[in-house]
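S.K.: Got a structure for you, written out below as structure tokens; questions coming shortly.
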Amino acid sequence: MIAVDGGQTLLERDDALARIDQRLHDAIAGRGSLLLLEGPAGIGKTRLVLAAGRRGRGLGLTTLSARGSELERDFAYGLVRQLFEAPVVAASPPDRAELLTGAAGHAATLFGVAARDDIAGALLDPSFAILHGLYWLCANLARRCPLLLTIDDVHWADQASLRFVHYLGRRVEELPIAVVAAARPAGPADGSPLLAAIAAGPPAEVFMLTPLSEHAVAELMRRGSGPTWSRPSRRPATR
């Protein structure tokens, strides 16, 4: 089957797009979820993540995006800053105060804005306080409008950001939030325990992407859609 999203041709990805659409509508209805798209390099994960963002914006969800990078994975909370720094910093002072109200204020220093100063916050472990603060920042954003977080190349995310995704994923059912993420399957030697925990923990759903059929590959070649959707070759795949 052929789907067209944002002018892009997506062949044999109807099931994945249907899963994405279901998660978006669930978020609108107040039911949160985490969908993890898994597959090797070049199989089309990025196109599906971009399609999720376009569909989310089309449905009126607040859509925030981030992408892991092999060169930035040593910088703590790099992925988190990609997601939330722009809306927090760009907000007017009253709006920012609303976004960072309550426990969300524990995450304020990540974005270079005024840190909260209270006794209760000081009693919390700093790393847990930030995770808890980021969760409530998501909750405050979603209170205004259902929220979509799209995250590509999660396998290259820094560990602190992965810890947040895991923390949010275990609680996301309580919020009108959809998380659509993409990652390569973890190998036995280089797999991240946190990434494995994200995939294994409820309510996450892992959707494995399969290679396109020969017919679909031929159709893409005819349309001139590029090599990233071709079947795996003997050469190492690159992004």
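Residues in the structure tokens are numbered from 1 in each chain, the chains being A, B, ... in the order shown, and ligands are numbered from 1 in the order shown.
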Do you have, as a tab-separated table, the list of residues of region 152-222 of chain A lying at most 6 Å from region 59-83 of chain A, each with its nearest atom pair and that distance in Å to one decimal, counting only C-alpha atoms and ordered by chain then number?

M.R.:
residue	atom	partner	partner_atom	distance
A:Asp152	CA	A:Arg67	CA	4.5
A:Asp153	CA	A:Gly68	CA	4.9
A:Val154	CA	A:Gly68	CA	5.5
A:Trp156	CA	A:Gly68	CA	4.8
A:Ala157	CA	A:Gly68	CA	4.6
A:Asp158	CA	A:Arg73	CA	4.2
A:Ala160	CA	A:Tyr77	CA	5.3
A:Ser161	CA	A:Tyr77	CA	4.8

S.K.: From a DSSP pass on the backbone, collect the residues of region 27-236 of chain A flagged as helix (DSSP H, G or I) and hand them back as a PyMOL selection string.

M.R.: chain A and resi 27-28+45-58+78-90+93-99+102-111+119-122+126-144+154-156+159-169+172-174+193-200+214-223+227-229

S.K.: Region 175-183 of chain A: which residues within 9 Å, counting only C-alpha atoms, same-chain residues fewer than 2 positions away excluded, as a PyMOL selection string?

M.R.: chain A and resi 20+23-41+45-46+48-49+52-53+138-139+142-143+145-156+165+169+171-173+185-186+195

S.K.: Between A:Leu137, A:His166, A:Gly102, A:Ala51, which has the minimum distance to Val88 (chain A) (counting only C-alpha atoms)?

M.R.: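 Distance minimum relative to Val88 (chain A) lands on A:Leu137.
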
S.K.: Would you list the contacts of Leu168 (chain A) as a list in words, taking every protein, DNA or RNA residue within 9 Å and counting only C-alpha atoms, but skipping same-chain residues closer than 5 positions in sequence?

M.R.: Leu131, His132, Leu134, Tyr135, Cys138 and Arg163 of chain A

S.K.: Given the choices A:Leu100, A:His215, A:Arg170, A:Leu11, which gets closest to Ala200 (chain A) if the distance is worked out from only C-alpha atoms?

M.R.: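 Ranking A:Leu100, A:His215, A:Arg170, A:Leu11 by distance to Ala200 (chain A), first place goes to A:Arg170.
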
S.K.: Could you find all residues in region 69-220 of chain A that DSSP calls strand (DSSP E or B) from the backbone, and write them as number ranges by chain?

M.R.: A: 147-152, 177-183, 204-208

S.K.: Output N, CA and C atoms for every residue in that selection, as a PDB file, in the first residue's frame.

M.R.:
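What landed in again-v4.pdb:
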ATOM      1  N   LEU A 147      -0.092  16.807  24.057  1.00  0.00           N
ATOM      2  CA  LEU A 147       1.318  16.973  23.738  1.00  0.00           C
ATOM      3  C   LEU A 147       1.845  15.762  22.975  1.00  0.00           C
ATOM      4  N   LEU A 148       2.660  16.033  21.956  1.00  0.00           N
ATOM      5  CA  LEU A 148       3.359  14.978  21.217  1.00  0.00           C
ATOM      6  C   LEU A 148       4.857  15.234  21.309  1.00  0.00           C
ATOM      7  N   LEU A 149       5.591  14.226  21.743  1.00  0.00           N
ATOM      8  CA  LEU A 149       7.050  14.268  21.743  1.00  0.00           C
ATOM      9  C   LEU A 149       7.545  13.281  20.693  1.00  0.00           C
ATOM     10  N   THR A 150       8.279  13.768  19.687  1.00  0.00           N
ATOM     11  CA  THR A 150       8.873  12.885  18.690  1.00  0.00           C
ATOM     12  C   THR A 150      10.383  12.883  18.889  1.00  0.00           C
ATOM     13  N   ILE A 151      10.947  11.686  18.980  1.00  0.00           N
ATOM     14  CA  ILE A 151      12.371  11.546  19.284  1.00  0.00           C
ATOM     15  C   ILE A 151      12.981  10.552  18.304  1.00  0.00           C
ATOM     16  N   ASP A 152      13.909  11.010  17.494  1.00  0.00           N
ATOM     17  CA  ASP A 152      14.580  10.147  16.535  1.00  0.00           C
ATOM     18  C   ASP A 152      15.951   9.738  17.086  1.00  0.00           C
ATOM     19  N   ILE A 177      -0.501  12.687  26.540  1.00  0.00           N
ATOM     20  CA  ILE A 177       0.800  12.811  25.879  1.00  0.00           C
ATOM     21  C   ILE A 177       1.063  11.568  25.037  1.00  0.00           C
ATOM     22  N   ALA A 178       1.489  11.781  23.800  1.00  0.00           N
ATOM     23  CA  ALA A 178       1.980  10.695  22.955  1.00  0.00           C
ATOM     24  C   ALA A 178       3.479  10.880  22.761  1.00  0.00           C
ATOM     25  N   VAL A 179       4.228   9.820  22.961  1.00  0.00           N
ATOM     26  CA  VAL A 179       5.663   9.808  22.684  1.00  0.00           C
ATOM     27  C   VAL A 179       5.891   8.842  21.532  1.00  0.00           C
ATOM     28  N   VAL A 180       6.434   9.349  20.435  1.00  0.00           N
ATOM     29  CA  VAL A 180       6.786   8.498  19.289  1.00  0.00           C
ATOM     30  C   VAL A 180       8.291   8.599  19.120  1.00  0.00           C
ATOM     31  N   ALA A 181       8.981   7.482  19.328  1.00  0.00           N
ATOM     32  CA  ALA A 181      10.439   7.466  19.285  1.00  0.00           C
ATOM     33  C   ALA A 181      10.908   6.393  18.305  1.00  0.00           C
ATOM     34  N   ALA A 182      12.146   6.541  17.841  1.00  0.00           N
ATOM     35  CA  ALA A 182      12.720   5.584  16.896  1.00  0.00           C
ATOM     36  C   ALA A 182      14.134   5.235  17.332  1.00  0.00           C
ATOM     37  N   ALA A 183      14.488   3.964  17.177  1.00  0.00           N
ATOM     38  CA  ALA A 183      15.816   3.505  17.587  1.00  0.00           C
ATOM     39  C   ALA A 183      16.219   2.285  16.777  1.00  0.00           C
ATOM     40  N   ALA A 204       4.804   1.033  27.055  1.00  0.00           N
ATOM     41  CA  ALA A 204       5.493   1.153  25.775  1.00  0.00           C
ATOM     42  C   ALA A 204       5.087   0.029  24.826  1.00  0.00           C
ATOM     43  N   GLU A 205       4.975   0.381  23.535  1.00  0.00           N
ATOM     44  CA  GLU A 205       4.780  -0.609  22.489  1.00  0.00           C
ATOM     45  C   GLU A 205       5.958  -0.507  21.524  1.00  0.00           C
ATOM     46  N   VAL A 206       6.585  -1.628  21.229  1.00  0.00           N
ATOM     47  CA  VAL A 206       7.683  -1.663  20.268  1.00  0.00           C
ATOM     48  C   VAL A 206       7.131  -2.169  18.945  1.00  0.00           C
ATOM     49  N   PHE A 207       7.326  -1.370  17.898  1.00  0.00           N
ATOM     50  CA  PHE A 207       6.874  -1.758  16.556  1.00  0.00           C
ATOM     51  C   PHE A 207       8.113  -1.972  15.701  1.00  0.00           C
ATOM     52  N   MET A 208       8.323  -3.220  15.265  1.00  0.00           N
ATOM     53  CA  MET A 208       9.492  -3.563  14.470  1.00  0.00           C
ATOM     54  C   MET A 208       9.214  -3.289  12.995  1.00  0.00           C
TER      55      MET A 208
END

S.K.: Do you know which residues are at most 10 Å from Pro87 (chain A) counting only C-alpha atoms, after dropping those on the same chain fewer than 2 positions away, and could you put them as a list in words?

M.R.: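 Surrounding residues, per the criterion: Leu64, Gln82, Leu83, Phe84, Glu85, Val89, Ala90, Ala91, Ser92, Asp95, Arg96, Leu99, Phe111 and Leu141 of chain A.
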
S.K.: May I ask for the distance between CA of Gly56 (chain A) and CA of Pro93 (chain A), given in Å to one decimal place?

M.R.: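 A separation of 26.9 Å between them.
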
S.K.: Point out the residue among A:Gln22, A:Asn140, A:Ser127, A:Ser192 with the least atom-to-atom distance to Tyr167 (chain A), counting only C-alpha atoms.

M.R.: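 For Tyr167 (chain A), the nearest of the given residues is A:Ser127.
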
S.K.: Just checking: using only C-alpha atoms, which residue out of A:Leu110, A:Ala86, A:Leu17, A:Ala196 ends up closest to Arg54 (chain A)?

M.R.: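 Ranked by minimum distance to Arg54 (chain A), first place goes to A:Leu17.
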
S.K.: Please measure the separation of CA of Gly105 (chain A) and CA of Ala199 (chain A), giving the value in Å to one decimal.

M.R.: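 That distance, rounded to one decimal, is 28.4 Å.
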
S.K.: Mind pulling up the distance from CA of Ala16 (chain A) to CA of Trp136 (chain A)?

M.R.: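 Calculated distance between CA of Trp136 (chain A) and CA of Ala16 (chain A) is 29.2 Å.
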